[in-house]
Structure formats: C-alpha cells, structure tokens
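J.: This is the structure I want to talk about, given as structure tokens.
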There are 2 protein chains.
Amino acid sequence: MKNLIIASTSTLHGGGYLDYLLPELSAHFKNITTLLFIPYARPSGITHNEYTEKVRQAFSKIDIKVKGLHEFENPKEAIKQAEGIFTGGGNTFLLVSQLYRYDLMTLLSETLKKGTPYLGTSAGSNITGLTMQTTNDMPIIYPPSFQTLGMIPFNLNPHYLDPDTNSTHMGETRETRIKEFHQFNTLPVLGLREGSWLEVRNETITLKGNLKARLFRQNQEPEELESGSDLSFLK
Amino acid sequence: MKNLIIASTSTLHGGGYLDYLLPELSAHFKNITTLLFIPYARPSGITHNEYTEKVRQAFSKIDIKVKGLHEFENPKEAIKQAEGIFTGGGNTFLLVSQLYRYDLMTLLSETLKKGTPYLGTSAGSNITGLTMQTTNDMPIIYPPSFQTLGMIPFNLNPHYLDPDTNSTHMGETRETRIKEFHQFNTLPVLGLREGSWLEVRNETITLKGNLKARLFRQNQEPEELESGSDLSFLK
C-alpha cells in the first residue's frame with residue numbers, strides 16, 4: 001500500500017515554489033492537517049528553519065500546516081506518527097547522510113509501505129529509487145551507503161536534461177553519465193524532466209505531467225515514454 | 001619536488017584528443033620514451049584497452065610510447081618505475097574506487113612528490129586535489145573514501161561552467177553546488193574552465209591557458225583569477 005508523488009522538480013521556470021503541483025497535492029494530501037517536512041537536503045545550504053518556512057508558506061495555500069522533522073526531539077516517532085511526509089530537494093549526498101545518521105532510512109521506507117502519503121521533489125525523489133547513484137549532485141559529504149528507500153523498482157534521474165546540440169562544452173551529457181552507470185549496474189534509470197512526476201498507488205506507477213520521460217535500461221537503446229504510461233512493468 | 005600539468009579537459013570543442021596541449025606536453029615529457037597511462041576512469045564505459053589505444057595515438061604525434069597500467073601484472077611496480085604518468089578523464093568515482101582497490105592512492109601520491117612528471121585531465125585532474133568532493137560526475141560506484149592525492153592544497157572543479165543566463169532549467173548551477181560544498185568544507189575550490197590548466201613545479205602552482213579561473217573560498221565572494229596567476233598562496 002503505497003501512496004507517493006515523486007516529482008522531478010519543486011519549481012518550474014517562472015513559477016513559484018511548488019505552484020504547478022498544488023492542485024495535485026491538494027488531492028494527494030486531502031484530510032491531512034499537518035505535514036511532516038524533511039529539510040535535510042538544504043538547497044544552497046539554507047538552514048532547516050529557513051527551508052521549513054518556505055515549505056510552510058507554499059502549503060498554507062492549500063490549508064495544510066507544516067512541521068519540520070528537525071523540530072522534533074524524537075525524529076523516529078515523528079515519522080511513524082506523520083499524517084503525510086514531504087522531502088524537499090537540495091543535495092542528495094547530504095540528505096542520505098542525515099537519514100542514515102538518525103537511523104531513519106529503513107523506518108521511512110517501512111512507513112511509506114504502510115501507506116503514509118509522501119511527496120518528494122528532486123533529491124527527495126531521488127531517494128525513492130533503489131540507490132542514489134543517478135543523482136546529479138556534488139558529493140559534498142560522504143554517506144555511509146548509496147542505498148535509498150526502494151519505493152520504486154528502479155532509479156531516478158530528476159531534472160533530466162536532453163543534450164544541448166548547440167553546446168561547445170565538453171563535459172559529459174546526462175545520457176553519457178547514465179550509460180556509464182549501466183556499465184556497472186543493471187537497474188533501469190528513469191530520466192524525469194522538469195514538470196513530470198510519478199504517481200505511485202500501491203504497486204501501480206504512472207507517469208504524470210505534460211512531458212515524456214526517458215527510460216534507460218542496460219544494453220538497450222533509451223526509450224521515450226508518454227505521459228500516462230504505466231511503469232509497473234519495470235523491474 | 002613536483003612536476004604536474006593538471007588540465008580541465010582533454011579536448012577542446014572542435015579539436016582532437018589532447019591536441020591543444022601537445023606543445024606543452026612535448027616539453028613536459030621531454031626525455032621520456034614511454035608514458036604510463038592510468039585508464040581506470042573509462043569515459044562512456046570504454047575498455048582499458050580502447051582507452052589506452054586512444055591515448056597511444058595522441059602521444060605518437062610527439063614520439064612518446066604509451067603503456068596502460070592494466071597491462072602490468074604488478075601495478076605498484078609500474079607506478080614506481082614509470083618515467084611519466086598520465087591519468088585520463090571519465091568517471092571520478094570509478095577512478096578513485098580502482099585506485100583504492102589496487103592500493104595505489106598513497107603510492108601514486110608519494111611517487112609524484114618525488115618528481116615523476118604527471119598529466120591529469122578532467123577526472124585525472126580531480127584526483128590531484130585534496131578530495132574528489134567537487135567532481136561533476138555521477139556516483140556510479142561507491143568508493144571507500146573521497147580522499148585523493150593532495151598534490152595541491154585545494155580542490156578542483158574541472159570543466160567549470162558559468163551559469164547560463166538564458167537557461168530555463170531549474171537544476172543547481174555549478175556555483176550553487178560549490179557553495180553547498182562550502183557549507184561543510186573549508187577547502188578552497190578552483191573552477192577550472194575548459195582550456196585552462198595548472199602547472200605545478202615544486203611548490204609553485206601557476207594558472208595557464210588563455211582563460212581566467214574562478215576561485216571559491218568559504219565565506220568569501222568568488223574571485224576571478226587571471227591566467228599566469230600564482231596560486232601558491234592558497235591553503
């Protein structure tokens with residue numbers, strides 16, 4: 001029994017924080033009074049308090065209160081008792097390090113399997129995959145493991161970017177990086193463009209938003225999946 | 001006694017592999033008959049043999065033979081006895097994992113401190129810093145540590161990219177990522193643009209090539225350094 005929204009990004013170009021998702025979130029978190037926010041990924045290094053305040057302002061538009069996980073003395077209890085949980089974006093290495101530091105990775109996975117509604121954006125989406133190994137983030141901190149929540153049977157690449165054919169930059173494209181991943185790993189990787197999200201209801205995984213997503217499998221050509229696709233076939 | 005060329009990239013847009021550096025390398029590796037190549041970073045997942053062949057072709061233009069480290073039964077002896085060493089680009093997580101797997105990290109550092117001439121490009125440059133924590137690469141494999149060679153008293157960000165002011169993409173800029181690094185780490189980070197390299201002669205570190213480099217220090221505004229700058233002041 002899973003109930004997740006896993007979004008590529010919190011914010012679309014020109015839009016406000018979470019704006020494009022609010023109608024969806026209003027339904028996803030209906031009947032919820034207070035949402036538990038996990039601020040550990042700290043985008044641009046902002047504090048847990050600053051980050052939680054930003055989230056609080058966004059959710060006030062759909063009449064949901066927000067409490068930051070850092071405000072609780074016992075974070076395990078806070079997760080167990082949460083009505084709904086949101087993990088925001090930032091640095092995935094930091095987020096994963098903190099979840100392990102407070103021994104929350106397994107507990108969070110178990111809690112979400114029991115049906116607590118979840119929202120992830122960016123780094124908070126990355127951790128719903130089997131491992132964090134297809135993150136775009138910089139390894140600013142050394143986590144004890146790359147294993148993550150495993151709420152979907154594959155990995156994600158949020159903020160997926162198509163190669164820029166006009167670029168003169170010689171760094172690897174996103175596609176090249178994911179191909180390098182597949183030299184050593186068999187897991188499928190879904191490149192989720194900004195504006196796309198996955199809806200997970202029990203074992204059904206559906207691609208939502210207006211865009212296609214790009215699926216990478218070991219030893220296969222990448223494949224474009226239409227919005228509305230059922231991804232439950234992936235293993 | 002150090003003698004290193006540490007380049008942002010192997011290849012400039014529109015140019016051949018190592019072409020722009022060959023005049024410099026001809027002087028750097030003068031009197032050297034055979035260069036030892038470390039192919040572990042495997043760009044796009046190419047094999048050690050394929051990668052070594054590519055390097056062999058480039059160095060044949062300046063009459064230097066190339067042997068791949070993977071061709072030796074005893075890689076430690078190969079490093080100790082090398083006339084000169086080149087580590088190519090690819091995936092830094094993979095490169096660092098392999099160097100630890102064969103117990104070569106400390107030995108390579110000691111060897112370079114004794115004066116064996118070295119060339120690094122991209123991932124092969126990243127590892128000359130204190131840690132690999134400002135790499136752009138994807139964590140496709142879990143290395144036992146992020147510590148690297150420490151041939152310079154700071155970290156590098158090769159292929160440094162300025163923010164694209166026309167972009168509608170919401171992923172973090174390189175500068176934002178480096179600022180996140182500085183939330184947790186005090187080391188300076190040098191953003192080395194494609195076409196720039198560092199020349200290290202004993203304890204003197206000089207910025208070479210036609211471009212400026214961007215220096216990031218904790219709690220300070222980023223600074224543009226002119227080509228020719230002496231970076232030995234960095235700690």
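We name chains A, B, ... following the order of the structure tokens; residues begin at 1 in each chain, and ligands are numbered from 1 as shown.
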Which chain A residues are at most 8 Å from chain B (counting only C-alpha atoms), as an MDAnalysis selection string?
T.: chainID A and resid 9 11:13 43:45 91 132:142 145:146 159 168:171 176:181 183:185 194
J.: So that I can check the surroundings of Gly68 in chain A, please list as a short mmCIF file (atom, residue, chain, number, x, y, z; two decimals) with C-alpha atoms, in the first residue's frame every protein, DNA and RNA residue that reaches within 9 Å of it, counting only C-alpha atoms and ignoring chain neighbours fewer than 5 positions away.
T.:
data_model
loop_
_atom_site.label_atom_id
_atom_site.label_comp_id
_atom_site.auth_asym_id
_atom_site.auth_seq_id
_atom_site.Cartn_x
_atom_site.Cartn_y
_atom_site.Cartn_z
CA LEU A 35 2.52 17.63 7.00
CA LEU A 36 5.92 16.46 8.24
CA PHE A 37 8.72 18.11 6.22
CA ILE A 38 12.21 16.61 5.94
CA PRO A 39 14.53 19.60 5.33
CA HIS A 48 16.43 23.67 8.36
CA ASN A 49 14.32 26.52 9.73
CA TYR A 51 13.70 25.70 4.40
CA THR A 52 10.74 24.68 6.55
CA GLU A 53 9.41 28.23 6.47
#
J.: One decimal, Å: what's the distance from CA of Val55 in chain A over to CA of Ala78 in chain A, could you say?
T.: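 Answer for the CA of Val55 in chain A to CA of Ala78 in chain A separation: 17.5 Å.
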J.: List the neighbours of range 226-232 of chain B out to 6 Å using only C-alpha atoms; skip same-chain residues closer than 6 positions along the sequence, and give me the result as number ranges by chain.
T.: B: 204-208, 211-212
J.: Between B:Gly150, B:Pro222, B:Gly16, B:Thr186, which one has atoms that come closest to Thr106 in chain B, using only C-alpha atoms?
T.: B:Gly150
J.: What residues in range 38-218 of chain B get the DSSP label strand (DSSP E)? Please answer as number ranges by chain.
T.: B: 38, 65-68, 85-87, 118-121, 155-157, 189-191, 197-201, 204-208, 213-216
J.: For each of A:Tyr20, A:Tyr118, A:Phe86, A:Tyr40, take the minimum atom-to-atom distance to Tyr100 in chain A, counting only C-alpha atoms, then give the residue where this is smallest.
T.: A:Tyr40
J.: Mind checking which residues fall within 10 Å of range 30-33 of chain A, counting only C-alpha atoms, ignoring those fewer than 3 positions away in the same chain, and posting them as a PyMOL selection string?
T.: chain A and resi 24-27+62-66+82-84+117
J.: What is the CA of Arg201 in chain A to CA of Leu187 in chain A distance in Å?
T.: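 CA of Leu187 in chain A lies at a distance of 21.2 Å from CA of Arg201 in chain A.
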